[in-house]
Amino acid sequence: MNSLRTSSRSRRHFLRAVLQSAALPLASSVSPAAVQPGTRVVVIGAGVSGLAAARELHAAGCRVTILEARKRLGGRVCTDRKQFGGLPVELGAQFIHGIRNGKGEVNPIYRIAQESGWKMKPFPEDSGETYRAGKPLSKAEDKALVDLLDEFETWLIDEFKDEHEDDISIPLERAIAANAKENELSSQELLDLRGIIASDIEEDLGGDARRLSVDGYDEDEEFAKGEDQCLIEGYDQLPALLAQGLDIRLGCIVSEIDYTKRQINIASSQGDFEAEHVVVSVPLGVLKAKSLTFTPELPDAKIKAISRMGMGVLDKVILQFPARFWPAGNWFLNLERTAPYGISFSSMEAAHLGSNILVFWHFGSHAIAHEAMPDAELIELVMGHVRQTFRDIDVPAPTATAITRWSEDPFSRGSYFYPQIGSPISDIKVLGEAVSDRLFFAGEATSKAYFGTVHGAYLSGLREAKKVIAASKD
Ligand SMILES: Cc1cc2nc3c(=O)[nH]c(=O)nc-3n(C[C@H](O)[C@H](O)[C@H](O)COP(=O)(O)OP(=O)(O)OC[C@H]3O[C@@H](n4cnc5c(N)ncnc54)[C@H](O)[C@@H]3O)c2cc1C
């Protein structure tokens, strides 16, 4: 997940975390032979959740094989080292989101990075500028904008959500309209509110306000204490570390899981595999696309949950210029008069000084439409936004570019889960439920507390490993 500014969303999450957070499962120290000797487990997917599960199960004494469709590790953690002169540039997950929660528990990814001695640099969300009609907002105007969002979110949670409790059919869009009416917002205030919601909520969750469920909004938690961190030498250090010593088959596309018999049969592009337990860690988007066949079919409740749940889209267009022409700061938001109302860029200077890289972030239906465009056309569209945002500057042509298309990616089919209208938040739990105590489901979309994040994926892998270990003893 991306998040742009310090808003009430983060602060409210912090308060919720103080009140609600349970003890976090921490990295493993299961003793070997915690399972029946020789228990065979196949993990499908070598993203962070699959790797975390496999590592834990391997440590417990299972014979683990990971089947991964891509020819690389990491899934949605994807560091490019080719297109920008060797600089590690993130095409997927970008930040370690926060350090501690309200109970003082440490983000497990931050802890791993610290213990591994990886170089990190903070990336404060509230550093940067917001522009309206080409002019940076003054400090007072910027504060008014953040206040507008704060007031909206307080009203949304304390009043609107209360009035419409458990109604899963109400999109955020309706709440925006109701708020504007109730508070008699001027047309400019409404545009501003839409702009900050675009950057702070829609982009963060990867879904359009007309699809985002008010019921599911704000149901997750955060490690809200401490700035986001960038891994200077690449996020891919994480999957590389987790994968050490594991049996991983790359380029192995799983097509069918037959769990009719005690020995589960897994059909793949590299032939059949057998195991007593299977951990499915493929993205929700892949399950929604029915790229995997289950025999017998998955329970009805799980099928319904999968079809209702939202798979959001967050994409990046990464542009490198001969020199930095934008001001110092991390995040730049241009408030626009038409949808999506807020256009965001981040600068990579805080992570890589002198890289001259600007990242354009787009989400939801806009991102899906952009993915269908040819590269040159999309770059020109984005350059139009750059020129529009930094209006008084003679913007040079980029020297290198990269485009992500997470929605078109057959092994992801979207960026991450978002609470979609029509889907109760309990769908997350249903997705994560084991089937017949032999088929287990990990992945960010199974994490109610931390969906859409690397730490959510990691913790879901540990959670499922624990379940497999318990089941293997029965
Ligand atoms: C653009 C973007 C920005 C993000 N930014 C952040 C951020 O800043 N911070 C953060 O914490 N999170 C961020 N995230 C979210 C984070 O990347 C994910 O939540 C996390 O990496 C998901 O891990 P996972 O193990 O659940 O899934 P994945 O990483 O997707 O792993 C699933 C694996 O299954 C494999 N697979 C799929 N189909 C098959 C098949 N048929 N057979 C075999 N294997 C298969 C896939 O190839 C993949 O490797 C971002 C995501 C995106 C897309």
# chains A, B, ... in the order shown; residues from 1 in each chain; ligands from 1
call {"tool": "closest_atom_pairs", "arguments": {"of": "chain A", "to": "ligand 1", "cutoff": "6 Å", "atoms": "only C-alpha atoms and all ligand atoms", "output": "Markdown table"}}
result
| residue | atom | partner | partner_atom_place_in_ligand_line | distance |
| --- | --- | --- | --- | --- |
| A:Met1 | CA | ligand 1 | 6 (C) | 4.0 |
| A:Asn2 | CA | ligand 1 | 8 (O) | 5.0 |
| A:Ile44 | CA | ligand 1 | 43 (C) | 5.2 |
| A:Gly45 | CA | ligand 1 | 34 (O) | 3.3 |
| A:Ala46 | CA | ligand 1 | 49 (O) | 4.6 |
| A:Gly47 | CA | ligand 1 | 31 (O) | 3.3 |
| A:Val48 | CA | ligand 1 | 25 (O) | 4.1 |
| A:Ser49 | CA | ligand 1 | 25 (O) | 3.7 |
| A:Gly50 | CA | ligand 1 | 25 (O) | 5.5 |
| A:Leu67 | CA | ligand 1 | 43 (C) | 5.4 |
| A:Glu68 | CA | ligand 1 | 44 (N) | 3.9 |
| A:Ala69 | CA | ligand 1 | 43 (C) | 3.9 |
| A:Arg70 | CA | ligand 1 | 47 (O) | 5.0 |
| A:Gly74 | CA | ligand 1 | 49 (O) | 5.4 |
| A:Gly75 | CA | ligand 1 | 49 (O) | 3.2 |
| A:Arg76 | CA | ligand 1 | 29 (O) | 3.9 |
| A:Val77 | CA | ligand 1 | 21 (O) | 4.8 |
| A:Gly92 | CA | ligand 1 | 2 (C) | 3.9 |
| A:Ala93 | CA | ligand 1 | 5 (N) | 3.3 |
| A:Gln94 | CA | ligand 1 | 8 (O) | 3.7 |
| A:Phe95 | CA | ligand 1 | 8 (O) | 3.7 |
| A:Ile96 | CA | ligand 1 | 9 (N) | 5.3 |
| A:His97 | CA | ligand 1 | 11 (O) | 5.5 |
| A:Cys252 | CA | ligand 1 | 43 (C) | 5.9 |
| A:Ile253 | CA | ligand 1 | 42 (N) | 3.9 |
| A:Val254 | CA | ligand 1 | 42 (N) | 3.8 |
| A:Ser255 | CA | ligand 1 | 41 (N) | 5.7 |
| A:Ser281 | CA | ligand 1 | 32 (C) | 5.4 |
| A:Val282 | CA | ligand 1 | 34 (O) | 3.9 |
| A:Pro283 | CA | ligand 1 | 30 (O) | 5.0 |
| A:Val286 | CA | ligand 1 | 38 (N) | 6.0 |
| A:Leu314 | CA | ligand 1 | 1 (C) | 5.0 |
| A:Asp315 | CA | ligand 1 | 1 (C) | 4.9 |
| A:Phe411 | CA | ligand 1 | 37 (C) | 4.0 |
| A:Ser412 | CA | ligand 1 | 30 (O) | 5.6 |
| A:Ser415 | CA | ligand 1 | 53 (C) | 3.8 |
| A:Tyr416 | CA | ligand 1 | 19 (O) | 5.9 |
| A:Gly443 | CA | ligand 1 | 26 (O) | 3.2 |
| A:Glu444 | CA | ligand 1 | 26 (O) | 4.0 |
| A:Gly452 | CA | ligand 1 | 19 (O) | 4.2 |
| A:Thr453 | CA | ligand 1 | 11 (O) | 3.4 |
| A:Val454 | CA | ligand 1 | 11 (O) | 3.8 |
| A:His455 | CA | ligand 1 | 11 (O) | 5.8 |
| A:Ala457 | CA | ligand 1 | 26 (O) | 4.5 |
call {"tool": "write_last_selection", "arguments": {"atoms": "N, CA and C atoms", "output": "compact mmCIF listing (two decimals), in the first residue's frame"}}
result
# COMPACT_ATOMS: atom_id res chain seq x y z
N MET A 1 0.83 -1.19 0.00
CA MET A 1 0.00 0.00 0.00
C MET A 1 0.86 1.25 0.00
N ASN A 2 0.35 2.23 -0.63
CA ASN A 2 1.05 3.49 -0.63
C ASN A 2 0.29 4.42 0.29
N ILE A 44 2.30 -22.84 -2.71
CA ILE A 44 2.14 -22.29 -4.06
C ILE A 44 2.35 -20.78 -4.00
N GLY A 45 3.44 -20.33 -4.60
CA GLY A 45 3.76 -18.91 -4.62
C GLY A 45 4.95 -18.59 -3.74
N ALA A 46 5.95 -17.91 -4.34
CA ALA A 46 7.15 -17.50 -3.58
C ALA A 46 7.16 -16.01 -3.36
N GLY A 47 5.98 -15.46 -3.01
CA GLY A 47 5.91 -14.09 -2.53
C GLY A 47 6.27 -14.12 -1.05
N VAL A 48 6.15 -12.99 -0.38
CA VAL A 48 6.57 -12.91 1.02
C VAL A 48 5.75 -13.86 1.90
N SER A 49 4.43 -13.99 1.63
CA SER A 49 3.61 -14.86 2.49
C SER A 49 4.01 -16.32 2.31
N GLY A 50 4.18 -16.75 1.06
CA GLY A 50 4.54 -18.14 0.79
C GLY A 50 5.92 -18.47 1.35
N LEU A 67 6.31 -23.89 -5.25
CA LEU A 67 6.12 -23.83 -6.70
C LEU A 67 5.77 -22.38 -7.06
N GLU A 68 6.62 -21.78 -7.85
CA GLU A 68 6.45 -20.35 -8.17
C GLU A 68 6.36 -20.17 -9.68
N ALA A 69 5.28 -19.51 -10.13
CA ALA A 69 5.04 -19.35 -11.57
C ALA A 69 6.09 -18.48 -12.26
N ARG A 70 6.50 -17.44 -11.58
CA ARG A 70 7.46 -16.52 -12.23
C ARG A 70 8.88 -17.10 -12.19
N GLY A 74 9.56 -13.30 -4.92
CA GLY A 74 9.11 -12.02 -4.35
C GLY A 74 7.72 -11.57 -4.72
N GLY A 75 7.16 -12.06 -5.85
CA GLY A 75 5.80 -11.66 -6.25
C GLY A 75 5.68 -10.15 -6.36
N ARG A 76 4.84 -9.58 -5.51
CA ARG A 76 4.60 -8.13 -5.57
C ARG A 76 5.70 -7.31 -4.89
N VAL A 77 6.70 -7.97 -4.38
CA VAL A 77 7.95 -7.29 -4.00
C VAL A 77 8.87 -7.51 -5.19
N GLY A 92 7.02 -2.82 -7.28
CA GLY A 92 5.91 -3.21 -6.40
C GLY A 92 6.05 -2.48 -5.08
N ALA A 93 6.05 -3.24 -3.97
CA ALA A 93 6.12 -2.61 -2.64
C ALA A 93 7.31 -1.66 -2.56
N GLN A 94 7.06 -0.50 -1.94
CA GLN A 94 8.06 0.56 -1.91
C GLN A 94 8.61 0.81 -0.50
N PHE A 95 7.70 0.76 0.48
CA PHE A 95 8.07 1.19 1.84
C PHE A 95 7.84 0.09 2.87
N ILE A 96 8.59 0.17 3.95
CA ILE A 96 8.21 -0.55 5.16
C ILE A 96 7.28 0.43 5.86
N HIS A 97 6.00 0.05 5.99
CA HIS A 97 5.02 1.01 6.50
C HIS A 97 5.01 1.07 8.01
N CYS A 252 7.28 -22.41 -12.45
CA CYS A 252 6.41 -23.58 -12.27
C CYS A 252 4.97 -23.09 -12.02
N ILE A 253 4.16 -23.12 -13.07
CA ILE A 253 2.80 -22.57 -13.00
C ILE A 253 1.83 -23.65 -12.56
N VAL A 254 1.23 -23.46 -11.41
CA VAL A 254 0.27 -24.45 -10.91
C VAL A 254 -1.08 -24.20 -11.57
N SER A 255 -1.71 -25.29 -12.05
CA SER A 255 -3.01 -25.13 -12.71
C SER A 255 -4.14 -25.82 -11.95
N SER A 281 -0.73 -19.46 -1.67
CA SER A 281 -0.42 -18.06 -1.32
C SER A 281 -0.52 -17.17 -2.54
N VAL A 282 -1.23 -17.63 -3.59
CA VAL A 282 -1.37 -16.79 -4.79
C VAL A 282 -2.25 -15.59 -4.47
N PRO A 283 -2.09 -14.49 -5.21
CA PRO A 283 -2.90 -13.30 -4.92
C PRO A 283 -4.41 -13.54 -5.11
N VAL A 286 -5.65 -13.67 -8.64
CA VAL A 286 -5.45 -14.94 -9.35
C VAL A 286 -6.60 -15.89 -9.00
N LEU A 314 -2.96 -0.39 -7.97
CA LEU A 314 -2.08 0.77 -7.79
C LEU A 314 -0.91 0.53 -8.74
N ASP A 315 -0.67 1.48 -9.61
CA ASP A 315 0.43 1.35 -10.57
C ASP A 315 1.36 2.55 -10.49
N PHE A 411 -0.01 -13.27 -12.96
CA PHE A 411 0.27 -13.90 -11.67
C PHE A 411 -0.02 -12.96 -10.50
N SER A 412 -0.74 -11.90 -10.79
CA SER A 412 -1.14 -10.98 -9.72
C SER A 412 -2.59 -10.51 -9.94
N SER A 415 -3.25 -5.22 -7.62
CA SER A 415 -2.14 -4.86 -6.72
C SER A 415 -2.33 -5.41 -5.31
N TYR A 416 -3.52 -5.23 -4.76
CA TYR A 416 -3.83 -5.80 -3.45
C TYR A 416 -5.30 -5.65 -3.13
N GLY A 443 -1.46 -15.00 2.36
CA GLY A 443 -1.40 -13.86 1.43
C GLY A 443 -2.00 -12.63 2.06
N GLU A 444 -1.58 -11.47 1.53
CA GLU A 444 -2.03 -10.21 2.14
C GLU A 444 -3.55 -10.11 2.25
N GLY A 452 -2.98 -5.64 2.17
CA GLY A 452 -2.35 -4.67 1.26
C GLY A 452 -0.92 -4.31 1.62
N THR A 453 -0.31 -5.08 2.51
CA THR A 453 1.05 -4.72 2.93
C THR A 453 1.97 -5.94 2.93
N VAL A 454 3.26 -5.66 2.95
CA VAL A 454 4.25 -6.74 3.03
C VAL A 454 4.20 -7.38 4.42
N HIS A 455 4.05 -6.55 5.46
CA HIS A 455 4.02 -7.16 6.81
C HIS A 455 2.76 -8.01 6.99
N ALA A 457 1.34 -9.74 4.57
CA ALA A 457 1.64 -10.98 3.86
C ALA A 457 2.53 -11.88 4.72
call {"tool": "select_by_dssp", "arguments": {"residues": "segment 250-455 of chain A", "states": "strand (DSSP E)", "output": "PyMOL selection string"}}
result
chain A and resi 254-258+264-268+271-275+277-280+293-295+310-312+314-320+331-335+342-347+357-363+400-403+416-418+439-441
call {"tool": "residues_around", "arguments": {"residues": "Thr446 of chain A", "least_positions_apart": "4", "cutoff": "9 Å", "atoms": "only C-alpha atoms", "output": "PyMOL selection string"}}
result
chain A and resi 284+417+427-433+441-442+450-451+456-457+460
call {"tool": "residues_around", "arguments": {"residues": "Phe325 of chain A", "least_positions_apart": "6", "cutoff": "12 Å", "atoms": "only C-alpha atoms", "output": "VMD selection string"}}
result
chain A and resid 347 349 354 to 358 386 to 387 389 to 398
call {"tool": "select_by_dssp", "arguments": {"residues": "segment 19-173 of chain A", "states": "helix (DSSP H, G or I)", "output": "PyMOL selection string"}}
result
chain A and resi 19-20+48-59+108-116+139-163+172-173
call {"tool": "residues_around", "arguments": {"residues": "segment 59-66 of chain A", "least_positions_apart": "3", "cutoff": "10 Å", "atoms": "only C-alpha atoms", "output": "number ranges by chain"}}
result
A: 28-46, 50-51, 53-56, 69, 243, 246-250, 252, 273-275, 277-279, 465-466, 468-469, 472
call {"tool": "write_last_selection", "arguments": {"atoms": "N, CA and C atoms", "output": "CSV table (one decimal), in the first residue's frame"}}
result
chain,number,residue,atom,x,y,z
A,28,SER,N,9.8,-17.0,13.6
A,28,SER,CA,9.8,-18.3,14.1
A,28,SER,C,10.9,-18.7,15.0
A,29,SER,N,10.6,-19.5,16.0
A,29,SER,CA,11.6,-20.3,16.6
A,29,SER,C,11.0,-21.6,16.9
A,30,VAL,N,10.3,-22.2,16.0
A,30,VAL,CA,9.7,-23.5,16.2
A,30,VAL,C,10.8,-24.5,16.3
A,31,SER,N,10.7,-25.5,17.2
A,31,SER,CA,11.8,-26.4,17.3
A,31,SER,C,11.6,-27.4,16.1
A,32,PRO,N,12.8,-27.9,15.6
A,32,PRO,CA,12.7,-28.9,14.6
A,32,PRO,C,11.9,-30.1,15.1
A,33,ALA,N,11.4,-30.9,14.2
A,33,ALA,CA,10.6,-32.1,14.6
A,33,ALA,C,9.4,-31.7,15.3
A,34,ALA,N,8.8,-30.5,15.0
A,34,ALA,CA,7.6,-30.1,15.6
A,34,ALA,C,6.4,-30.8,14.9
A,35,VAL,N,6.7,-31.4,13.8
A,35,VAL,CA,5.7,-32.1,13.0
A,35,VAL,C,6.1,-33.6,12.8
A,36,GLN,N,5.1,-34.4,12.3
A,36,GLN,CA,5.4,-35.8,12.0
A,36,GLN,C,6.6,-35.8,11.0
A,37,PRO,N,7.6,-36.5,11.3
A,37,PRO,CA,8.8,-36.5,10.4
A,37,PRO,C,8.4,-36.9,9.0
A,38,GLY,N,8.9,-36.1,8.0
A,38,GLY,CA,8.6,-36.4,6.6
A,38,GLY,C,7.3,-35.8,6.1
A,39,THR,N,6.6,-35.0,6.9
A,39,THR,CA,5.4,-34.4,6.4
A,39,THR,C,5.7,-33.6,5.2
A,40,ARG,N,5.0,-33.8,4.1
A,40,ARG,CA,5.3,-33.1,2.9
A,40,ARG,C,4.3,-31.9,2.7
A,41,VAL,N,4.8,-30.7,2.4
A,41,VAL,CA,4.0,-29.6,2.2
A,41,VAL,C,4.4,-28.9,0.9
A,42,VAL,N,3.5,-28.6,0.1
A,42,VAL,CA,3.7,-27.7,-1.1
A,42,VAL,C,3.2,-26.4,-0.9
A,43,VAL,N,4.0,-25.4,-1.1
A,43,VAL,CA,3.5,-24.0,-1.0
A,43,VAL,C,3.5,-23.4,-2.4
A,44,ILE,N,2.3,-22.8,-2.7
A,44,ILE,CA,2.1,-22.3,-4.1
A,44,ILE,C,2.3,-20.8,-4.0
A,45,GLY,N,3.4,-20.3,-4.6
A,45,GLY,CA,3.8,-18.9,-4.6
A,45,GLY,C,5.0,-18.6,-3.7
A,46,ALA,N,6.0,-17.9,-4.3
A,46,ALA,CA,7.1,-17.5,-3.6
A,46,ALA,C,7.2,-16.0,-3.4
A,50,GLY,N,4.2,-16.8,1.1
A,50,GLY,CA,4.5,-18.1,0.8
A,50,GLY,C,5.9,-18.5,1.4
A,51,LEU,N,6.9,-17.5,1.2
A,51,LEU,CA,8.2,-17.8,1.7
A,51,LEU,C,8.2,-17.8,3.2
A,53,ALA,N,5.8,-18.7,5.2
A,53,ALA,CA,5.2,-20.0,5.6
A,53,ALA,C,6.2,-21.1,5.4
A,54,ALA,N,6.8,-21.2,4.2
A,54,ALA,CA,7.7,-22.3,3.9
A,54,ALA,C,8.9,-22.3,4.8
A,55,ARG,N,9.4,-21.1,5.1
A,55,ARG,CA,10.6,-21.1,6.0
A,55,ARG,C,10.3,-21.6,7.4
A,56,GLU,N,9.1,-21.3,7.9
A,56,GLU,CA,8.6,-21.7,9.2
A,56,GLU,C,8.4,-23.2,9.2
A,69,ALA,N,5.3,-19.5,-10.1
A,69,ALA,CA,5.0,-19.3,-11.6
A,69,ALA,C,6.1,-18.5,-12.3
A,243,ALA,N,14.1,-16.9,1.4
A,243,ALA,CA,14.2,-18.1,0.5
A,243,ALA,C,15.4,-19.0,0.8
A,246,LEU,N,15.7,-23.0,1.0
A,246,LEU,CA,14.4,-23.7,0.6
A,246,LEU,C,14.5,-24.3,-0.8
A,247,ASP,N,13.6,-25.3,-1.0
A,247,ASP,CA,13.5,-25.9,-2.3
A,247,ASP,C,12.4,-25.2,-3.1
A,248,ILE,N,12.9,-24.4,-4.1
A,248,ILE,CA,11.9,-23.5,-4.8
A,248,ILE,C,12.0,-23.9,-6.3
A,249,ARG,N,10.9,-24.1,-6.9
A,249,ARG,CA,10.9,-24.4,-8.3
A,249,ARG,C,10.3,-23.1,-9.0
A,250,LEU,N,11.2,-22.4,-9.7
A,250,LEU,CA,10.8,-21.2,-10.4
A,250,LEU,C,10.2,-21.6,-11.8
A,252,CYS,N,7.3,-22.4,-12.4
A,252,CYS,CA,6.4,-23.6,-12.3
A,252,CYS,C,5.0,-23.1,-12.0
A,273,PHE,N,3.0,-32.8,-8.5
A,273,PHE,CA,3.6,-32.9,-7.2
A,273,PHE,C,2.6,-33.4,-6.2
A,274,GLU,N,3.1,-34.1,-5.1
A,274,GLU,CA,2.1,-34.6,-4.1
A,274,GLU,C,2.5,-34.1,-2.7
A,275,ALA,N,1.5,-33.9,-1.9
A,275,ALA,CA,1.8,-33.4,-0.5
A,275,ALA,C,0.6,-33.7,0.4
A,277,HIS,N,-0.1,-31.6,2.8
A,277,HIS,CA,-0.7,-30.2,3.0
A,277,HIS,C,-0.3,-29.3,1.9
A,278,VAL,N,-1.2,-28.3,1.6
A,278,VAL,CA,-0.8,-27.3,0.6
A,278,VAL,C,-1.1,-26.0,1.1
A,279,VAL,N,-0.2,-25.0,1.0
A,279,VAL,CA,-0.5,-23.6,1.3
A,279,VAL,C,-0.6,-22.9,0.0
A,465,ALA,N,1.5,-21.3,8.7
A,465,ALA,CA,2.5,-22.4,9.0
A,465,ALA,C,2.1,-23.0,10.4
A,466,LYS,N,1.7,-22.1,11.3
A,466,LYS,CA,1.3,-22.6,12.6
A,466,LYS,C,0.1,-23.6,12.5
A,468,VAL,N,-0.7,-25.4,9.8
A,468,VAL,CA,-0.2,-26.6,9.2
A,468,VAL,C,0.5,-27.5,10.2
A,469,ILE,N,1.3,-26.9,11.0
A,469,ILE,CA,2.0,-27.7,12.1
A,469,ILE,C,1.0,-28.4,13.0
A,472,SER,N,-0.7,-31.2,11.2
A,472,SER,CA,0.1,-32.4,10.9
A,472,SER,C,0.3,-33.3,12.1
